[in-house]
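Visitor: Okay, so here is upload-v2.cif, and as you'll see once you scroll down, it has mmCIF, N, CA, C and O atoms.
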```cif
data_coords
#
loop_
_atom_site.label_atom_id
_atom_site.label_comp_id
_atom_site.auth_asym_id
_atom_site.auth_seq_id
_atom_site.Cartn_x
_atom_site.Cartn_y
_atom_site.Cartn_z
N MET A 1 110.26 103.21 86.56
CA MET A 1 110.52 104.30 85.67
C MET A 1 110.21 103.91 84.23
O MET A 1 109.76 104.74 83.47
N ARG A 2 110.47 102.68 83.87
CA ARG A 2 110.22 102.26 82.49
C ARG A 2 108.73 102.30 82.17
O ARG A 2 108.34 102.66 81.06
N ILE A 3 107.93 101.95 83.14
CA ILE A 3 106.49 101.93 82.93
C ILE A 3 105.97 103.36 82.76
O ILE A 3 105.15 103.64 81.88
N ILE A 4 106.48 104.25 83.59
CA ILE A 4 106.09 105.66 83.47
C ILE A 4 106.55 106.21 82.12
O ILE A 4 105.81 106.93 81.45
N ALA A 5 107.77 105.87 81.72
CA ALA A 5 108.28 106.34 80.43
C ALA A 5 107.43 105.82 79.29
O ALA A 5 107.13 106.55 78.33
N ALA A 6 107.02 104.56 79.35
CA ALA A 6 106.16 104.00 78.31
C ALA A 6 104.81 104.69 78.29
O ALA A 6 104.26 104.97 77.21
N TYR A 7 104.27 105.01 79.45
CA TYR A 7 103.00 105.74 79.53
C TYR A 7 103.15 107.11 78.86
O TYR A 7 102.31 107.51 78.05
N LEU A 8 104.23 107.81 79.19
CA LEU A 8 104.46 109.13 78.61
C LEU A 8 104.70 109.06 77.11
O LEU A 8 104.26 109.94 76.36
N LEU A 9 105.36 108.03 76.64
CA LEU A 9 105.54 107.85 75.19
C LEU A 9 104.20 107.66 74.49
O LEU A 9 103.98 108.19 73.41
N ALA A 10 103.32 106.90 75.12
CA ALA A 10 101.99 106.70 74.54
C ALA A 10 101.23 108.01 74.47
O ALA A 10 100.57 108.31 73.47
N VAL A 11 101.33 108.82 75.53
CA VAL A 11 100.66 110.12 75.54
C VAL A 11 101.25 111.03 74.47
O VAL A 11 100.51 111.69 73.73
N LEU A 12 102.57 111.04 74.35
CA LEU A 12 103.20 111.85 73.32
C LEU A 12 102.82 111.39 71.92
O LEU A 12 102.77 112.18 70.99
N GLY A 13 102.53 110.12 71.79
CA GLY A 13 102.12 109.56 70.50
C GLY A 13 100.66 109.85 70.15
O GLY A 13 100.19 109.46 69.09
N GLY A 14 99.95 110.52 71.04
CA GLY A 14 98.58 110.90 70.75
C GLY A 14 97.52 110.14 71.52
O GLY A 14 96.33 110.41 71.38
N ASN A 15 97.91 109.18 72.33
CA ASN A 15 96.96 108.41 73.12
C ASN A 15 96.81 109.09 74.48
O ASN A 15 97.65 108.95 75.35
N SER A 16 95.73 109.85 74.66
CA SER A 16 95.57 110.63 75.88
C SER A 16 95.27 109.78 77.10
O SER A 16 95.44 110.22 78.23
N SER A 17 94.83 108.53 76.89
CA SER A 17 94.52 107.65 78.01
C SER A 17 95.01 106.23 77.70
O SER A 17 94.22 105.35 77.35
N PRO A 18 96.31 105.99 77.82
CA PRO A 18 96.86 104.67 77.50
C PRO A 18 96.31 103.58 78.41
O PRO A 18 96.06 103.80 79.59
N LYS A 19 96.13 102.42 77.85
CA LYS A 19 95.69 101.22 78.58
C LYS A 19 96.90 100.34 78.87
O LYS A 19 98.00 100.56 78.35
N ALA A 20 96.70 99.31 79.66
CA ALA A 20 97.78 98.38 80.02
C ALA A 20 98.38 97.75 78.78
O ALA A 20 99.60 97.58 78.69
N ALA A 21 97.56 97.41 77.81
CA ALA A 21 98.06 96.78 76.58
C ALA A 21 98.96 97.73 75.80
O ALA A 21 99.97 97.29 75.21
N ASP A 22 98.65 99.02 75.82
CA ASP A 22 99.48 100.01 75.12
C ASP A 22 100.87 100.10 75.76
O ASP A 22 101.89 100.12 75.07
N ILE A 23 100.88 100.15 77.09
CA ILE A 23 102.15 100.25 77.81
C ILE A 23 102.97 98.98 77.62
O ILE A 23 104.18 99.04 77.36
N THR A 24 102.32 97.83 77.70
CA THR A 24 103.01 96.56 77.52
C THR A 24 103.60 96.45 76.11
O THR A 24 104.73 95.97 75.94
N LYS A 25 102.86 96.92 75.13
CA LYS A 25 103.34 96.87 73.74
C LYS A 25 104.58 97.75 73.56
O LYS A 25 105.55 97.34 72.91
N ILE A 26 104.58 98.94 74.15
CA ILE A 26 105.74 99.84 74.05
C ILE A 26 106.95 99.21 74.73
O ILE A 26 108.05 99.21 74.18
N LEU A 27 106.75 98.67 75.92
CA LEU A 27 107.87 98.06 76.64
C LEU A 27 108.42 96.84 75.92
O LEU A 27 109.63 96.66 75.84
N SER A 28 107.54 96.01 75.38
CA SER A 28 108.02 94.81 74.69
C SER A 28 108.76 95.17 73.41
O SER A 28 109.67 94.45 73.00
N ALA A 29 108.40 96.29 72.78
CA ALA A 29 109.13 96.74 71.59
C ALA A 29 110.57 97.10 71.95
O ALA A 29 111.46 96.99 71.11
N GLY A 30 110.78 97.49 73.20
CA GLY A 30 112.13 97.80 73.67
C GLY A 30 112.82 96.62 74.32
O GLY A 30 113.90 96.77 74.90
N GLY A 31 112.19 95.46 74.31
CA GLY A 31 112.79 94.27 74.88
C GLY A 31 112.64 94.17 76.39
O GLY A 31 113.40 93.48 77.05
N VAL A 32 111.63 94.87 76.94
CA VAL A 32 111.42 94.86 78.39
C VAL A 32 110.11 94.15 78.69
O VAL A 32 109.10 94.38 78.03
N GLU A 33 110.15 93.26 79.67
CA GLU A 33 108.94 92.56 80.09
C GLU A 33 108.23 93.41 81.14
O GLU A 33 108.82 93.79 82.15
N ALA A 34 106.98 93.73 80.88
CA ALA A 34 106.21 94.59 81.78
C ALA A 34 105.66 93.78 82.96
O ALA A 34 105.16 92.68 82.78
N ASP A 35 105.76 94.36 84.14
CA ASP A 35 105.18 93.78 85.34
C ASP A 35 103.73 94.26 85.41
O ASP A 35 103.46 95.44 85.64
N ALA A 36 102.78 93.35 85.21
CA ALA A 36 101.36 93.70 85.12
C ALA A 36 100.85 94.41 86.36
O ALA A 36 100.05 95.35 86.27
N SER A 37 101.33 94.01 87.53
CA SER A 37 100.85 94.65 88.77
C SER A 37 101.29 96.10 88.85
O SER A 37 100.54 96.96 89.30
N ARG A 38 102.50 96.39 88.39
CA ARG A 38 102.99 97.77 88.40
C ARG A 38 102.28 98.61 87.36
O ARG A 38 102.00 99.79 87.60
N VAL A 39 102.02 98.03 86.20
CA VAL A 39 101.29 98.75 85.16
C VAL A 39 99.90 99.10 85.68
O VAL A 39 99.44 100.24 85.56
N ASP A 40 99.23 98.13 86.30
CA ASP A 40 97.89 98.37 86.84
C ASP A 40 97.91 99.43 87.94
O ASP A 40 97.03 100.28 88.01
N ALA A 41 98.93 99.39 88.80
CA ALA A 41 99.04 100.37 89.87
C ALA A 41 99.21 101.79 89.30
O ALA A 41 98.58 102.73 89.79
N LEU A 42 100.03 101.92 88.28
CA LEU A 42 100.22 103.22 87.64
C LEU A 42 98.92 103.72 87.03
O LEU A 42 98.54 104.88 87.21
N LEU A 43 98.23 102.84 86.32
CA LEU A 43 96.98 103.24 85.67
C LEU A 43 95.92 103.63 86.69
O LEU A 43 95.14 104.57 86.45
N LYS A 44 95.89 102.96 87.84
CA LYS A 44 94.94 103.33 88.89
C LYS A 44 95.27 104.71 89.45
O LYS A 44 94.37 105.50 89.73
N GLU A 45 96.56 105.01 89.63
CA GLU A 45 96.97 106.31 90.15
C GLU A 45 96.64 107.44 89.17
O GLU A 45 96.31 108.55 89.59
N LEU A 46 96.75 107.16 87.90
CA LEU A 46 96.55 108.21 86.88
C LEU A 46 95.14 108.25 86.32
O LEU A 46 94.84 109.12 85.51
N ASP A 47 94.28 107.35 86.75
CA ASP A 47 92.92 107.27 86.21
C ASP A 47 92.16 108.57 86.44
O ASP A 47 92.04 109.05 87.57
N GLY A 48 91.69 109.16 85.35
CA GLY A 48 90.90 110.39 85.42
C GLY A 48 91.73 111.65 85.62
O GLY A 48 91.16 112.73 85.81
N LYS A 49 93.04 111.54 85.57
CA LYS A 49 93.90 112.71 85.77
C LYS A 49 94.56 113.10 84.46
O LYS A 49 94.81 112.27 83.59
N ASN A 50 94.86 114.38 84.34
CA ASN A 50 95.55 114.90 83.16
C ASN A 50 97.05 114.87 83.44
O ASN A 50 97.53 115.51 84.38
N ILE A 51 97.79 114.14 82.62
CA ILE A 51 99.23 113.96 82.86
C ILE A 51 99.98 115.29 82.78
O ILE A 51 100.95 115.51 83.50
N GLU A 52 99.53 116.20 81.92
CA GLU A 52 100.20 117.49 81.80
C GLU A 52 100.05 118.31 83.08
O GLU A 52 100.99 118.99 83.51
N GLU A 53 98.89 118.23 83.73
CA GLU A 53 98.69 118.93 84.99
C GLU A 53 99.54 118.30 86.10
O GLU A 53 100.09 119.02 86.94
N ILE A 54 99.66 116.99 86.09
CA ILE A 54 100.48 116.31 87.09
C ILE A 54 101.95 116.72 86.94
O ILE A 54 102.63 116.99 87.93
N ILE A 55 102.42 116.79 85.71
CA ILE A 55 103.81 117.19 85.46
C ILE A 55 104.02 118.64 85.89
O ILE A 55 105.02 118.97 86.53
N SER A 56 103.09 119.52 85.57
CA SER A 56 103.20 120.93 85.96
C SER A 56 103.23 121.08 87.48
O SER A 56 104.01 121.86 88.03
N GLU A 57 102.39 120.33 88.16
CA GLU A 57 102.36 120.36 89.62
C GLU A 57 103.70 119.89 90.20
O GLU A 57 104.23 120.48 91.13
N GLY A 58 104.24 118.83 89.62
CA GLY A 58 105.53 118.31 90.07
C GLY A 58 106.66 119.28 89.82
O GLY A 58 107.56 119.43 90.66
N MET A 59 106.63 119.97 88.70
CA MET A 59 107.67 120.97 88.40
C MET A 59 107.61 122.11 89.41
O MET A 59 108.64 122.64 89.83
N GLY A 60 106.40 122.49 89.81
CA GLY A 60 106.25 123.52 90.84
C GLY A 60 106.85 123.09 92.16
O GLY A 60 107.48 123.89 92.86
N LYS A 61 106.66 121.84 92.51
CA LYS A 61 107.24 121.32 93.75
C LYS A 61 108.76 121.28 93.68
O LYS A 61 109.45 121.59 94.65
N LEU A 62 109.30 120.91 92.53
CA LEU A 62 110.75 120.87 92.36
C LEU A 62 111.37 122.25 92.43
O LEU A 62 112.51 122.41 92.87
N ALA A 63 110.63 123.26 91.99
CA ALA A 63 111.14 124.63 92.02
C ALA A 63 111.37 125.11 93.44
O ALA A 63 112.21 125.98 93.68
N MET A 64 110.66 124.54 94.40
CA MET A 64 110.81 124.94 95.80
C MET A 64 111.95 124.23 96.51
O MET A 64 112.31 124.58 97.63
N VAL A 65 112.54 123.24 95.90
CA VAL A 65 113.62 122.48 96.52
C VAL A 65 114.92 123.29 96.43
O VAL A 65 115.33 123.69 95.34
N PRO A 66 115.57 123.56 97.57
CA PRO A 66 116.83 124.31 97.52
C PRO A 66 117.92 123.48 96.87
O PRO A 66 117.98 122.26 97.03
N SER A 67 118.78 124.18 96.14
CA SER A 67 119.88 123.44 95.50
C SER A 67 121.10 124.33 95.37
O SER A 67 121.00 125.53 95.14
N GLY A 68 122.26 123.75 95.52
CA GLY A 68 123.52 124.42 95.23
C GLY A 68 124.05 125.39 96.25
O GLY A 68 125.04 126.04 95.99
N GLY A 69 123.46 125.55 97.41
CA GLY A 69 123.91 126.55 98.37
C GLY A 69 125.29 126.30 98.93
O GLY A 69 126.07 127.20 99.12
N ALA A 70 125.67 125.06 99.18
CA ALA A 70 126.94 124.74 99.84
C ALA A 70 128.11 124.68 98.87
O ALA A 70 129.25 124.77 99.27
N ALA A 71 127.87 124.58 97.61
CA ALA A 71 128.95 124.40 96.64
C ALA A 71 129.74 125.68 96.39
O ALA A 71 130.85 125.63 95.91
N ALA A 72 129.20 126.84 96.72
CA ALA A 72 129.88 128.10 96.42
C ALA A 72 131.20 128.24 97.15
O ALA A 72 132.15 128.78 96.61
N GLY A 73 131.32 127.78 98.37
CA GLY A 73 132.55 127.92 99.15
C GLY A 73 133.67 127.04 98.64
O GLY A 73 134.84 127.35 98.82
N GLY A 74 133.38 125.99 97.98
CA GLY A 74 134.41 125.05 97.54
C GLY A 74 135.00 125.35 96.18
O GLY A 74 135.87 124.64 95.72
N SER A 75 134.59 126.41 95.54
CA SER A 75 135.06 126.65 94.17
C SER A 75 136.55 126.98 94.10
O SER A 75 137.22 126.60 93.17
N SER A 76 137.09 127.70 95.08
CA SER A 76 138.51 128.04 95.03
C SER A 76 139.38 126.81 95.26
O SER A 76 140.45 126.69 94.70
N GLY A 77 138.91 125.88 96.06
CA GLY A 77 139.66 124.66 96.30
C GLY A 77 139.73 123.79 95.06
O GLY A 77 140.71 123.12 94.81
N GLY A 78 138.70 123.83 94.26
CA GLY A 78 138.68 123.05 93.04
C GLY A 78 139.71 123.55 92.05
O GLY A 78 140.34 122.78 91.33
N ALA A 79 139.93 124.86 92.01
CA ALA A 79 140.92 125.42 91.09
C ALA A 79 142.32 125.00 91.50
O ALA A 79 143.15 124.68 90.65
N ALA A 80 142.58 124.98 92.81
CA ALA A 80 143.90 124.56 93.28
C ALA A 80 144.14 123.09 92.97
O ALA A 80 145.24 122.70 92.57
N ALA A 81 143.11 122.28 93.12
CA ALA A 81 143.26 120.87 92.80
C ALA A 81 143.51 120.66 91.32
O ALA A 81 144.29 119.78 90.93
N ALA A 82 142.90 121.47 90.49
CA ALA A 82 143.10 121.35 89.05
C ALA A 82 144.53 121.73 88.67
O ALA A 82 145.13 121.11 87.79
N GLU A 83 145.08 122.75 89.35
CA GLU A 83 146.45 123.15 89.07
C GLU A 83 147.44 122.07 89.47
O GLU A 83 148.44 121.85 88.80
N GLU A 84 147.15 121.38 90.59
CA GLU A 84 148.02 120.30 91.03
C GLU A 84 147.94 119.10 90.10
O GLU A 84 148.91 118.40 89.89
N ALA A 85 146.78 118.88 89.51
CA ALA A 85 146.59 117.74 88.63
C ALA A 85 147.26 117.96 87.28
O ALA A 85 147.65 117.02 86.61
N ALA A 86 147.43 119.20 86.87
CA ALA A 86 148.01 119.49 85.56
C ALA A 86 149.44 118.97 85.42
O ALA A 86 149.77 118.34 84.42
N PRO A 87 150.34 119.16 86.40
CA PRO A 87 151.69 118.61 86.25
C PRO A 87 151.70 117.08 86.16
O PRO A 87 152.50 116.51 85.45
N ALA A 88 150.80 116.45 86.86
CA ALA A 88 150.74 114.99 86.81
C ALA A 88 150.37 114.52 85.41
O ALA A 88 150.89 113.53 84.91
N ALA A 89 149.50 115.26 84.76
CA ALA A 89 149.10 114.90 83.41
C ALA A 89 150.27 115.06 82.44
O ALA A 89 150.46 114.27 81.53
N GLU A 90 151.08 116.10 82.66
CA GLU A 90 152.24 116.30 81.80
C GLU A 90 153.24 115.18 81.96
O GLU A 90 153.87 114.74 81.00
N GLU A 91 153.41 114.68 83.18
CA GLU A 91 154.32 113.57 83.42
C GLU A 91 153.87 112.33 82.68
O GLU A 91 154.68 111.60 82.15
N ASP A 92 152.57 112.09 82.63
CA ASP A 92 152.05 110.93 81.91
C ASP A 92 152.36 111.02 80.43
O ASP A 92 152.66 110.03 79.78
N ASP A 93 152.32 112.24 79.88
CA ASP A 93 152.62 112.42 78.47
C ASP A 93 154.07 112.05 78.18
O ASP A 93 154.38 111.45 77.15
N ASP A 94 154.98 112.40 79.10
CA ASP A 94 156.39 112.08 78.91
C ASP A 94 156.61 110.57 78.92
O ASP A 94 157.38 110.04 78.12
N SER A 95 155.93 109.87 79.80
CA SER A 95 156.12 108.43 79.88
C SER A 95 155.58 107.73 78.64
O SER A 95 156.14 106.74 78.20
N SER A 96 154.54 108.25 78.04
CA SER A 96 154.01 107.61 76.84
C SER A 96 154.94 107.85 75.66
O SER A 96 155.10 107.01 74.80
N SER A 97 155.62 109.01 75.62
CA SER A 97 156.55 109.26 74.53
C SER A 97 157.80 108.39 74.67
O SER A 97 158.41 108.01 73.68
N ASP A 98 158.19 108.06 75.92
CA ASP A 98 159.32 107.16 76.14
C ASP A 98 159.02 105.78 75.56
O ASP A 98 159.88 105.14 74.97
N ALA A 99 157.79 105.33 75.74
CA ALA A 99 157.42 104.02 75.22
C ALA A 99 157.45 104.01 73.70
O ALA A 99 157.84 103.03 73.09
N GLU A 100 157.09 105.10 73.09
CA GLU A 100 157.11 105.18 71.63
C GLU A 100 158.54 105.15 71.11
O GLU A 100 158.83 104.58 70.06
N MET A 101 159.48 105.73 71.86
CA MET A 101 160.87 105.75 71.45
C MET A 101 161.48 104.35 71.51
O MET A 101 162.40 104.06 70.78
N ASP A 102 160.98 103.51 72.37
CA ASP A 102 161.48 102.16 72.48
C ASP A 102 160.93 101.24 71.40
O ASP A 102 161.19 100.06 71.40
N GLY A 103 160.11 101.79 70.52
CA GLY A 103 159.54 100.99 69.44
C GLY A 103 158.19 100.41 69.76
O GLY A 103 157.66 99.63 68.97
N PHE A 104 157.62 100.75 70.89
CA PHE A 104 156.31 100.26 71.27
C PHE A 104 155.31 101.39 71.20
O PHE A 104 155.51 102.43 71.84
N SER A 105 154.29 101.21 70.42
CA SER A 105 153.26 102.23 70.31
C SER A 105 151.91 101.57 70.23
O SER A 105 151.77 100.49 69.64
N LEU A 106 150.94 102.20 70.79
CA LEU A 106 149.59 101.66 70.73
C LEU A 106 148.98 101.77 69.34
O LEU A 106 148.02 101.09 69.02
N PHE A 107 149.54 102.65 68.52
CA PHE A 107 148.92 102.94 67.23
C PHE A 107 149.66 102.33 66.04
O PHE A 107 149.33 102.58 64.90
N ASP A 108 150.68 101.54 66.27
CA ASP A 108 151.42 100.91 65.15
C ASP A 108 150.81 99.60 64.76
O ASP A 108 150.29 98.84 65.46
#
```
Would you give me this structure, written as structure tokens?

Guide:
Amino acid sequence: MRIIAAYLLAVLGGNSSPKAADITKILSAGGVEADASRVDALLKELDGKNIEEIISEGMGKLAMVPSGGAAAGGSSGGAAAAEEAAPAAEEDDDSSSDAEMDGFSLFD
């Protein structure tokens, strides 16, 4: 992921076709040692391709992935759990005030 991020940073910086040295320079500026074999593999995969078209194609594929269908049934249970958790939080507040009355406070 770091290598891809460095490639994209180079493209955003105006370099439409980053080389291995460009990616390595970006990574080293962030304190990351670049793996030359991975950099070369990425550059081979992207050679002659437009990164914006690749991203658009990937976004189209992600749009087809179903998401969130099963979560709708569990929403009422979450509200009940939140109501049960509220009294427990109030009890914790009481115990912290007891400690302050004994002369012990985290903020003194």

Visitor: Identify which of the residues A:Ser16, A:Ser67, A:Ser37, A:Thr24 lies closest to A:Glu52, counting only C-alpha atoms when measuring atom-to-atom distances.

Guide: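 Of all the options, A:Ser16 lies closest to A:Glu52.
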
Visitor: Can you measure atom CA of A:Glu33 to atom CA of A:Ile55 for me? One decimal in Å is fine.

Guide: 25.7 Å

Visitor: Work out how far apart atom O of A:Val32 and atom N of A:Ser56 are and give it in Å to one decimal.

Guide: 26.9 Å

Visitor: Hey, can you check how far atom O of A:Leu42 sits from atom O of A:Met64?

Guide: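 Between these atoms lies a distance of 26.2 Å.
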
Visitor: Which centre and edge lengths in Å to one decimal define the box along x, y and z that fits every listed atom of stretch 10-24 of chain A plus 6 Å per side, as AutoDock Vina command-line options?

Guide:
```
--center_x 99.5 --center_y 104.1 --center_z 74.6 --size_x 22.5 --size_y 28.2 --size_z 22.9
```

Visitor: From the set A:Leu46, A:Ile51, A:Asp35, A:Met59, which residue has the shortest atom-to-atom contact distance to A:Leu12, counting only C-alpha atoms?

Guide: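 Of A:Leu46, A:Ile51, A:Asp35, A:Met59, the one nearest A:Leu12 is A:Ile51, counting only C-alpha atoms.
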
Visitor: Using all atoms listed in the file, which residue out of A:Ile23, A:Gly60, A:Asn50, A:Val65 lies closest to A:Ala5?

Guide: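 When distances to A:Ala5 are compared using all atoms listed in the file, the smallest one comes from A:Ile23.
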